[in-house]
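Undergrad: Contents of run.cif (mmCIF, C-alpha atoms and all ligand atoms):
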```
data_query
#
loop_
_atom_site.label_atom_id
_atom_site.label_comp_id
_atom_site.auth_asym_id
_atom_site.auth_seq_id
_atom_site.Cartn_x
_atom_site.Cartn_y
_atom_site.Cartn_z
CA MET A 1 -108.73 105.84 29.69
CA ALA A 2 -111.93 106.05 27.66
CA LEU A 3 -113.99 109.21 27.86
CA THR A 4 -117.66 108.57 28.37
CA GLY A 5 -120.60 109.36 26.12
CA ARG A 6 -123.84 107.70 25.12
CA LEU A 7 -122.19 105.62 22.40
CA HIS A 8 -119.43 104.49 24.73
CA ASP A 9 -121.74 103.83 27.69
CA THR A 10 -124.66 102.01 26.09
CA VAL A 11 -122.87 99.23 24.23
CA ALA A 12 -121.06 96.17 25.62
CA TRP A 13 -117.60 96.76 24.15
CA PRO A 14 -115.66 95.43 22.38
CA VAL A 15 -117.90 94.36 19.50
CA HIS A 16 -116.53 91.52 17.39
CA THR A 17 -117.43 90.90 13.74
CA THR A 18 -116.22 87.96 11.65
CA ARG A 19 -112.76 89.52 11.13
CA LEU A 20 -112.67 92.76 13.12
CA THR A 21 -113.00 94.26 16.57
CA LEU A 22 -114.70 97.61 17.21
CA ARG A 23 -114.10 99.52 20.42
CA PRO A 24 -114.27 103.11 21.71
CA ALA A 25 -111.28 105.23 20.74
CA ILE A 26 -108.93 106.15 23.59
CA ALA A 27 -106.18 108.75 23.88
CA ASP A 28 -103.52 106.16 23.00
CA ASP A 29 -105.11 105.66 19.55
CA ALA A 30 -104.03 109.13 18.39
CA ALA A 31 -100.74 107.97 16.84
CA ALA A 32 -102.21 104.92 15.07
CA THR A 33 -105.06 106.91 13.50
CA TRP A 34 -102.73 109.79 12.57
CA GLU A 35 -100.62 107.28 10.57
CA PHE A 36 -103.40 106.79 8.02
CA ARG A 37 -105.36 110.05 8.38
CA ARG A 38 -102.27 112.10 7.42
CA LEU A 39 -101.89 110.29 4.06
CA PRO A 40 -102.89 112.60 1.16
CA GLU A 41 -105.23 110.03 -0.44
CA VAL A 42 -107.12 109.85 2.87
CA SER A 43 -106.97 113.46 4.10
CA ARG A 44 -108.21 114.86 0.78
CA TRP A 45 -111.70 113.67 1.74
CA LEU A 46 -111.66 114.56 5.43
CA THR A 47 -113.05 117.72 7.07
CA GLN A 48 -109.80 118.66 8.79
CA ASN A 49 -106.18 118.21 7.77
CA THR A 50 -104.25 116.31 10.43
CA GLY A 51 -101.12 118.49 10.65
CA THR A 52 -98.32 117.22 12.86
CA LEU A 53 -98.90 114.41 15.35
CA THR A 54 -98.95 116.97 18.17
CA GLU A 55 -101.55 119.12 16.41
CA TYR A 56 -103.59 116.05 15.55
CA ARG A 57 -103.42 114.70 19.11
CA ASN A 58 -105.00 117.94 20.36
CA GLN A 59 -107.91 117.55 17.90
CA PHE A 60 -108.21 113.84 18.70
CA LEU A 61 -108.36 114.37 22.46
CA ASP A 62 -111.22 116.86 22.21
CA SER A 63 -113.74 115.13 24.47
CA ASP A 64 -116.75 115.70 22.18
CA SER A 65 -114.97 114.14 19.27
CA LEU A 66 -113.49 111.24 21.27
CA ALA A 67 -116.91 110.36 22.68
CA LYS A 68 -118.20 109.77 19.12
CA SER A 69 -115.19 107.81 17.88
CA LEU A 70 -114.50 104.11 17.57
CA VAL A 71 -111.48 102.31 16.25
CA VAL A 72 -111.44 99.23 14.05
CA GLU A 73 -108.86 96.57 14.82
CA LEU A 74 -107.62 93.70 12.69
CA ASP A 75 -105.50 91.15 14.57
CA GLY A 76 -104.96 93.68 17.38
CA HIS A 77 -103.84 96.53 15.09
CA VAL A 78 -105.86 99.70 14.51
CA ILE A 79 -106.67 99.81 10.77
CA GLY A 80 -109.46 102.38 10.75
CA ASP A 81 -111.81 104.56 12.70
CA LEU A 82 -115.53 105.23 12.74
CA MET A 83 -117.75 108.02 14.01
CA LEU A 84 -121.30 107.89 15.26
CA ASP A 85 -122.68 111.27 16.25
CA VAL A 86 -126.10 111.01 17.92
CA GLN A 87 -128.26 113.99 16.98
CA ASP A 88 -131.76 115.39 17.35
CA ALA A 89 -134.05 115.04 14.32
CA TRP A 90 -135.74 118.18 13.07
CA ALA A 91 -139.18 118.50 14.64
CA GLN A 92 -141.93 120.99 15.22
CA THR A 93 -141.67 122.66 18.60
CA GLU A 94 -144.52 120.83 20.33
CA VAL A 95 -143.01 117.40 19.58
CA ALA A 96 -139.32 118.32 19.76
CA ASP A 97 -138.80 116.19 22.88
CA ARG A 98 -139.72 113.07 20.96
CA ALA A 99 -137.15 113.83 18.26
CA ARG A 100 -134.19 114.17 20.65
CA SER A 101 -131.29 111.77 20.05
CA THR A 102 -133.16 109.78 17.39
CA GLN A 103 -130.66 110.19 14.54
CA GLY A 104 -127.04 109.32 13.96
CA ASP A 105 -124.50 110.78 11.57
CA LEU A 106 -121.80 108.33 10.53
CA GLY A 107 -118.21 108.60 9.36
CA TRP A 108 -115.44 106.14 8.41
CA VAL A 109 -111.77 106.00 7.53
CA LEU A 110 -109.72 102.93 6.65
CA HIS A 111 -105.95 102.67 6.27
CA PRO A 112 -105.28 102.44 2.49
CA ASP A 113 -103.20 99.29 3.14
CA HIS A 114 -106.46 97.58 4.17
CA THR A 115 -108.96 98.81 1.58
CA GLY A 116 -110.44 96.42 -0.98
CA HIS A 117 -111.18 93.55 1.43
CA GLY A 118 -114.65 94.52 2.61
CA TYR A 119 -113.42 95.60 6.06
CA ALA A 120 -115.24 98.95 5.90
CA THR A 121 -118.44 97.19 4.85
CA GLU A 122 -118.09 94.74 7.74
CA ALA A 123 -117.27 97.44 10.30
CA VAL A 124 -119.99 99.88 9.24
CA ARG A 125 -122.56 97.08 9.07
CA ALA A 126 -121.77 96.40 12.73
CA LEU A 127 -122.02 100.14 13.43
CA LEU A 128 -125.50 100.17 11.86
CA ASP A 129 -126.53 97.27 14.13
CA ILE A 130 -125.22 99.27 17.11
CA ALA A 131 -127.02 102.43 15.98
CA PHE A 132 -130.38 100.76 15.43
CA ASP A 133 -130.43 97.83 17.86
CA GLU A 134 -128.45 99.15 20.82
CA LEU A 135 -128.92 102.93 20.63
CA GLN A 136 -132.45 102.56 19.21
CA LEU A 137 -131.92 105.30 16.63
CA ARG A 138 -134.57 105.61 13.93
CA ARG A 139 -132.46 107.07 11.09
CA VAL A 140 -128.80 107.39 10.19
CA THR A 141 -127.21 109.70 7.67
CA ALA A 142 -123.77 110.17 6.13
CA ALA A 143 -122.41 112.77 3.74
CA CYS A 144 -119.57 112.68 1.25
CA PHE A 145 -118.17 114.56 -1.71
CA ALA A 146 -119.75 113.16 -4.89
CA ALA A 147 -116.20 112.56 -6.18
CA ASN A 148 -115.48 110.24 -3.23
CA GLU A 149 -116.62 107.15 -5.06
CA ALA A 150 -115.22 104.66 -2.52
CA SER A 151 -117.33 106.27 0.20
CA TRP A 152 -120.64 106.38 -1.66
CA ARG A 153 -120.10 102.87 -3.04
CA LEU A 154 -119.66 101.72 0.57
CA MET A 155 -122.99 103.35 1.50
CA GLU A 156 -124.75 101.70 -1.42
CA ARG A 157 -123.31 98.27 -0.47
CA LEU A 158 -124.82 98.81 2.96
CA GLY A 159 -128.26 99.56 1.53
CA MET A 160 -128.16 103.29 2.30
CA ARG A 161 -130.25 105.54 0.04
CA ARG A 162 -128.94 108.60 -1.78
CA GLU A 163 -131.30 111.34 -0.59
CA THR A 164 -129.69 114.54 -1.76
CA TYR A 165 -127.28 115.52 -4.48
CA ASN A 166 -126.06 119.07 -4.01
CA VAL A 167 -124.35 120.81 -6.89
CA ARG A 168 -121.12 122.70 -6.09
CA GLU A 169 -122.20 123.25 -2.46
CA SER A 170 -119.01 122.34 -0.56
CA LEU A 171 -115.71 124.20 -0.62
CA HIS A 172 -112.75 121.82 -0.77
CA ARG A 173 -109.39 122.99 0.60
CA SER A 174 -108.11 122.81 -3.01
CA GLY A 175 -110.25 125.91 -3.60
CA GLU A 176 -112.82 124.06 -5.72
CA TRP A 177 -116.55 124.05 -4.97
CA LEU A 178 -117.52 120.37 -5.15
CA ASP A 179 -120.78 118.45 -5.44
CA GLY A 180 -121.88 116.69 -2.26
CA MET A 181 -124.29 113.91 -1.41
CA VAL A 182 -126.22 112.78 1.65
CA TYR A 183 -127.24 109.17 2.17
CA ALA A 184 -129.66 107.85 4.79
CA LEU A 185 -131.12 104.62 6.16
CA LEU A 186 -134.10 104.03 8.44
CA ALA A 187 -134.14 101.44 11.20
CA ASP A 188 -136.96 99.41 9.61
CA GLU A 189 -135.15 99.38 6.25
CA HIS A 190 -131.98 98.08 7.92
CA ARG A 191 -133.93 95.39 9.80
CA ALA A 192 -135.66 94.28 6.59
CA THR A 193 -132.28 93.97 4.82
CA THR A 194 -130.73 92.14 7.77
CA SER A 195 -133.58 89.62 8.06
CA GLU A 196 -133.61 89.02 4.28
CA ALA A 197 -129.85 88.30 4.45
CA ALA A 198 -130.37 85.94 7.43
CA ALA A 199 -133.15 84.10 5.56
CA GLY A 200 -130.68 83.60 2.66
C1 LIG B 1 -114.32 104.99 2.16
C2 LIG B 1 -113.43 103.77 2.48
C3 LIG B 1 -113.56 103.41 3.96
C4 LIG B 1 -113.92 102.60 1.62
O1 LIG B 1 -113.00 101.54 1.71
P1 LIG B 1 -113.15 100.24 0.78
O2 LIG B 1 -111.97 99.38 0.97
O3 LIG B 1 -113.51 100.66 -0.61
O4 LIG B 1 -114.43 99.51 1.37
P2 LIG B 1 -114.47 98.02 1.93
O5 LIG B 1 -113.43 97.84 2.95
O6 LIG B 1 -115.87 97.75 2.29
O7 LIG B 1 -114.03 97.15 0.68
C5 LIG B 1 -114.84 97.11 -0.48
C6 LIG B 1 -114.01 96.63 -1.63
O8 LIG B 1 -113.47 95.35 -1.30
C7 LIG B 1 -114.04 94.33 -2.14
N1 LIG B 1 -114.33 93.21 -1.23
C8 LIG B 1 -113.50 92.14 -1.08
N2 LIG B 1 -114.01 91.31 -0.15
C9 LIG B 1 -115.18 91.86 0.27
C10 LIG B 1 -116.15 91.46 1.23
N3 LIG B 1 -116.01 90.34 1.94
N4 LIG B 1 -117.22 92.27 1.45
C11 LIG B 1 -117.37 93.41 0.75
N5 LIG B 1 -116.47 93.84 -0.17
C12 LIG B 1 -115.38 93.07 -0.42
C13 LIG B 1 -115.27 94.97 -2.77
O9 LIG B 1 -115.55 94.41 -4.02
C14 LIG B 1 -114.83 96.41 -2.89
O10 LIG B 1 -113.94 96.57 -3.96
P3 LIG B 1 -114.31 97.53 -5.19
O11 LIG B 1 -114.45 98.92 -4.62
O12 LIG B 1 -113.14 97.36 -6.08
O13 LIG B 1 -115.60 97.02 -5.72
C15 LIG B 1 -111.94 104.08 2.15
O14 LIG B 1 -111.82 104.31 0.76
C16 LIG B 1 -111.37 105.27 2.90
O15 LIG B 1 -111.02 105.18 4.06
N6 LIG B 1 -111.24 106.43 2.20
C17 LIG B 1 -110.60 107.62 2.76
C18 LIG B 1 -111.38 108.25 3.88
C19 LIG B 1 -112.77 108.65 3.43
O16 LIG B 1 -113.01 109.01 2.28
N7 LIG B 1 -113.71 108.62 4.38
C20 LIG B 1 -115.09 108.99 4.12
C21 LIG B 1 -115.25 110.47 4.06
S1 LIG B 1 -116.93 110.85 3.54
#
```
Could you take the file, read its structure, and then write that structure out as structure tokens?

TA:
Amino acid sequence: MALTGRLHDTVAWPVHTTRLTLRPAIADDAAATWEFRRLPEVSRWLTQNTGTLTEYRNQFLDSDSLAKSLVVELDGHVIGDLMLDVQDAWAQTEVADRARSTQGDLGWVLHPDHTGHGYATEAVRALLDIAFDELQLRRVTAACFAANEASWRLMERLGMRRETYNVRESLHRSGEWLDGMVYALLADEHRATTSEAAAG
């Protein structure tokens, strides 16, 4: 059973790309996503450690989080997950209504067995199309540790712009304060890139 939310309701799921299928995450995806999220090389970059499958399932089934989550399938198997969190942009009080639900914050995780083939690029490109064309967002953002090179390289492949570099601002569970970065992309920038690519 899929929980509902704007992301889940607005789009005609599943979305197919050349090699992948994207669909809303459901309760039954907890075990498949735990299999890769629990791996140290993956969890070191994630906000929350997974813990046991039971602990993780409780986090995963939180309705707010499930409503923002998609899974990525390759040949019917879940190989990754994505997040799109629709947010209000900052605005002055008098125009705050117009800024509601105009931004999206993105996240991504791929099973290490499937990195290096461009699957994250393909999946997140489709997520950008969903964010801008279907949800009509005007800006998307994503944050990562500066040391997470695979993640910021992905954002640069997708045409996202590095907007902030914050020195020793984020506390990692290792105890170290790490540099962090925020990337962003505007709807018109994404459309310009997409039409240039289509024109060859
Ligand atoms: C971030 C993450 C999704 C990136 O995965 P990735 O495999 O590097 O990204 P892609 O799937 O787009 O693959 C790109 C790689 O495949 C290669 N590739 C092969 N075919 C490709 C294609 N058709 N299109 C694009 N790239 C292709 C690219 O050259 C690139 O390799 P390189 O890094 O050696 O240059 C992955 O490292 C991950 O899940 N990390 C752990 C979780 C995490 O950090 N999440 C983000 C927290 S901020």

Undergrad: Residues at most 9 Å from ligand LIG 1 (chain B), using all atoms listed in the file? Could they come as a VMD selection string?

TA: chain A and resid 36 to 37 41 to 47 80 to 81 106 to 112 114 to 124 142 to 145 148 to 155 157

Undergrad: Kindly export the residues of the current selection with C-alpha atoms, as a PDB file, keeping the file's coordinate frame.

TA:
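Listed below is the output, out.pdb:
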```
ATOM      1  CA  PHE A  36    -103.400 106.790   8.020  1.00  0.00           C
ATOM      2  CA  ARG A  37    -105.360 110.050   8.380  1.00  0.00           C
ATOM      3  CA  GLU A  41    -105.230 110.030  -0.440  1.00  0.00           C
ATOM      4  CA  VAL A  42    -107.120 109.850   2.870  1.00  0.00           C
ATOM      5  CA  SER A  43    -106.970 113.460   4.100  1.00  0.00           C
ATOM      6  CA  ARG A  44    -108.210 114.860   0.780  1.00  0.00           C
ATOM      7  CA  TRP A  45    -111.700 113.670   1.740  1.00  0.00           C
ATOM      8  CA  LEU A  46    -111.660 114.560   5.430  1.00  0.00           C
ATOM      9  CA  THR A  47    -113.050 117.720   7.070  1.00  0.00           C
ATOM     10  CA  GLY A  80    -109.460 102.380  10.750  1.00  0.00           C
ATOM     11  CA  ASP A  81    -111.810 104.560  12.700  1.00  0.00           C
ATOM     12  CA  LEU A 106    -121.800 108.330  10.530  1.00  0.00           C
ATOM     13  CA  GLY A 107    -118.210 108.600   9.360  1.00  0.00           C
ATOM     14  CA  TRP A 108    -115.440 106.140   8.410  1.00  0.00           C
ATOM     15  CA  VAL A 109    -111.770 106.000   7.530  1.00  0.00           C
ATOM     16  CA  LEU A 110    -109.720 102.930   6.650  1.00  0.00           C
ATOM     17  CA  HIS A 111    -105.950 102.670   6.270  1.00  0.00           C
ATOM     18  CA  PRO A 112    -105.280 102.440   2.490  1.00  0.00           C
ATOM     19  CA  HIS A 114    -106.460  97.580   4.170  1.00  0.00           C
ATOM     20  CA  THR A 115    -108.960  98.810   1.580  1.00  0.00           C
ATOM     21  CA  GLY A 116    -110.440  96.420  -0.980  1.00  0.00           C
ATOM     22  CA  HIS A 117    -111.180  93.550   1.430  1.00  0.00           C
ATOM     23  CA  GLY A 118    -114.650  94.520   2.610  1.00  0.00           C
ATOM     24  CA  TYR A 119    -113.420  95.600   6.060  1.00  0.00           C
ATOM     25  CA  ALA A 120    -115.240  98.950   5.900  1.00  0.00           C
ATOM     26  CA  THR A 121    -118.440  97.190   4.850  1.00  0.00           C
ATOM     27  CA  GLU A 122    -118.090  94.740   7.740  1.00  0.00           C
ATOM     28  CA  ALA A 123    -117.270  97.440  10.300  1.00  0.00           C
ATOM     29  CA  VAL A 124    -119.990  99.880   9.240  1.00  0.00           C
ATOM     30  CA  ALA A 142    -123.770 110.170   6.130  1.00  0.00           C
ATOM     31  CA  ALA A 143    -122.410 112.770   3.740  1.00  0.00           C
ATOM     32  CA  CYS A 144    -119.570 112.680   1.250  1.00  0.00           C
ATOM     33  CA  PHE A 145    -118.170 114.560  -1.710  1.00  0.00           C
ATOM     34  CA  ASN A 148    -115.480 110.240  -3.230  1.00  0.00           C
ATOM     35  CA  GLU A 149    -116.620 107.150  -5.060  1.00  0.00           C
ATOM     36  CA  ALA A 150    -115.220 104.660  -2.520  1.00  0.00           C
ATOM     37  CA  SER A 151    -117.330 106.270   0.200  1.00  0.00           C
ATOM     38  CA  TRP A 152    -120.640 106.380  -1.660  1.00  0.00           C
ATOM     39  CA  ARG A 153    -120.100 102.870  -3.040  1.00  0.00           C
ATOM     40  CA  LEU A 154    -119.660 101.720   0.570  1.00  0.00           C
ATOM     41  CA  MET A 155    -122.990 103.350   1.500  1.00  0.00           C
ATOM     42  CA  ARG A 157    -123.310  98.270  -0.470  1.00  0.00           C
TER      43      ARG A 157
END
```

Undergrad: So, counting all atoms listed in the file, which residue among A:Thr33, A:Ser195, A:Thr18, A:Thr141 is closest to Asp85 (chain A)?

TA: A:Thr141

Undergrad: Identify which of the residues A:Glu156, A:Glu35, A:Glu73, A:Asp113 lies closest to Gly51 (chain A), counting only C-alpha atoms when measuring atom-to-atom distances.

TA: A:Glu35

Undergrad: What's the 9 Å shell around Arg100 (chain A), counting all atoms listed in the file, without same-chain residues fewer than 6 positions away, as a PyMOL selection string?

TA: chain A and resi 87-91

Undergrad: Considering only C-alpha atoms, can you say which of A:Trp177, A:Tyr183, A:Phe132, A:Tyr165 comes closest to Leu7 (chain A)?

TA: A:Phe132

Undergrad: Mind checking which residues fall within 9 Å of Lys68 (chain A), counting only C-alpha atoms, ignoring those fewer than 2 positions away in the same chain, and posting them as a PyMOL selection string?

TA: chain A and resi 5-8+24-25+63-66+70+82-86

Undergrad: Between CA of Leu186 (chain A) and CA of Gly159 (chain A), what is the distance in Å, rounded to a tenth?

TA: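 Going from CA of Leu186 (chain A) over to CA of Gly159 (chain A), I get 10.1 Å.
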
Undergrad: Nearest residue to Asp29 (chain A) out of A:Leu135, A:Leu53, A:Ala199, A:Val71, using all atoms listed in the file?

TA: A:Val71

Undergrad: To one decimal in Å, tell me the separation between CA of Val72 (chain A) and CA of Thr21 (chain A).

TA: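 Pair CA of Val72 (chain A) / CA of Thr21 (chain A) returns 5.8 Å.
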
Undergrad: Just give me the gap between CA of Ala31 (chain A) and CA of Ala131 (chain A) in Å, one decimal is fine.

TA: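 Between CA of Ala31 (chain A) and CA of Ala131 (chain A) the gap works out to 26.9 Å.
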
Undergrad: Missing atoms in region 146-165 of chain A: can you complete it with N, CA, C and O atoms, as a short mmCIF file (atom, residue, chain, number, x, y, z; two decimals), in the coordinates of the input?

TA:
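Result written to selection27.cif:
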```cif
data_model
loop_
_atom_site.label_atom_id
_atom_site.label_comp_id
_atom_site.auth_asym_id
_atom_site.auth_seq_id
_atom_site.Cartn_x
_atom_site.Cartn_y
_atom_site.Cartn_z
N ALA A 146 -119.31 114.05 -3.82
CA ALA A 146 -119.75 113.16 -4.89
C ALA A 146 -118.55 112.47 -5.56
O ALA A 146 -118.66 111.35 -6.05
N ALA A 147 -117.40 113.14 -5.55
CA ALA A 147 -116.20 112.56 -6.18
C ALA A 147 -115.57 111.45 -5.34
O ALA A 147 -114.67 110.75 -5.81
N ASN A 148 -116.04 111.28 -4.11
CA ASN A 148 -115.48 110.24 -3.23
C ASN A 148 -116.23 108.93 -3.48
O ASN A 148 -117.04 108.47 -2.68
N GLU A 149 -115.87 108.33 -4.60
CA GLU A 149 -116.62 107.15 -5.06
C GLU A 149 -116.54 105.99 -4.07
O GLU A 149 -117.52 105.28 -3.85
N ALA A 150 -115.37 105.78 -3.46
CA ALA A 150 -115.22 104.66 -2.52
C ALA A 150 -116.22 104.81 -1.37
O ALA A 150 -116.80 103.83 -0.89
N SER A 151 -116.45 106.06 -0.94
CA SER A 151 -117.33 106.27 0.20
C SER A 151 -118.80 106.05 -0.19
O SER A 151 -119.54 105.39 0.53
N TRP A 152 -119.23 106.59 -1.33
CA TRP A 152 -120.64 106.38 -1.66
C TRP A 152 -120.92 104.95 -2.12
O TRP A 152 -122.01 104.42 -1.89
N ARG A 153 -119.89 104.29 -2.70
CA ARG A 153 -120.10 102.87 -3.04
C ARG A 153 -120.27 102.04 -1.76
O ARG A 153 -121.06 101.09 -1.72
N LEU A 154 -119.51 102.39 -0.73
CA LEU A 154 -119.66 101.72 0.57
C LEU A 154 -121.11 101.88 1.07
O LEU A 154 -121.75 100.91 1.50
N MET A 155 -121.62 103.10 1.00
CA MET A 155 -122.99 103.35 1.50
C MET A 155 -124.00 102.55 0.69
O MET A 155 -124.95 102.01 1.26
N GLU A 156 -123.79 102.45 -0.60
CA GLU A 156 -124.75 101.70 -1.42
C GLU A 156 -124.65 100.21 -1.13
O GLU A 156 -125.67 99.51 -1.09
N ARG A 157 -123.44 99.70 -0.86
CA ARG A 157 -123.31 98.27 -0.47
C ARG A 157 -124.08 97.99 0.80
O ARG A 157 -124.59 96.90 1.01
N LEU A 158 -124.15 99.00 1.67
CA LEU A 158 -124.82 98.81 2.96
C LEU A 158 -126.33 99.07 2.88
O LEU A 158 -127.01 99.01 3.90
N GLY A 159 -126.82 99.35 1.69
CA GLY A 159 -128.26 99.56 1.53
C GLY A 159 -128.71 100.98 1.86
O GLY A 159 -129.91 101.23 1.98
N MET A 160 -127.76 101.91 2.01
CA MET A 160 -128.16 103.29 2.30
C MET A 160 -128.68 103.94 1.00
O MET A 160 -128.28 103.57 -0.10
N ARG A 161 -129.58 104.90 1.18
CA ARG A 161 -130.25 105.54 0.04
C ARG A 161 -129.70 106.95 -0.19
O ARG A 161 -129.55 107.71 0.77
N ARG A 162 -129.38 107.24 -1.46
CA ARG A 162 -128.94 108.60 -1.78
C ARG A 162 -130.16 109.52 -1.69
O ARG A 162 -131.13 109.32 -2.43
N GLU A 163 -130.12 110.48 -0.79
CA GLU A 163 -131.30 111.34 -0.59
C GLU A 163 -131.12 112.73 -1.15
O GLU A 163 -132.09 113.37 -1.53
N THR A 164 -129.89 113.22 -1.14
CA THR A 164 -129.69 114.54 -1.76
C THR A 164 -128.41 114.53 -2.57
O THR A 164 -127.43 113.86 -2.24
N TYR A 165 -128.47 115.28 -3.66
CA TYR A 165 -127.28 115.52 -4.48
C TYR A 165 -127.20 117.03 -4.63
O TYR A 165 -128.08 117.65 -5.21
#
```
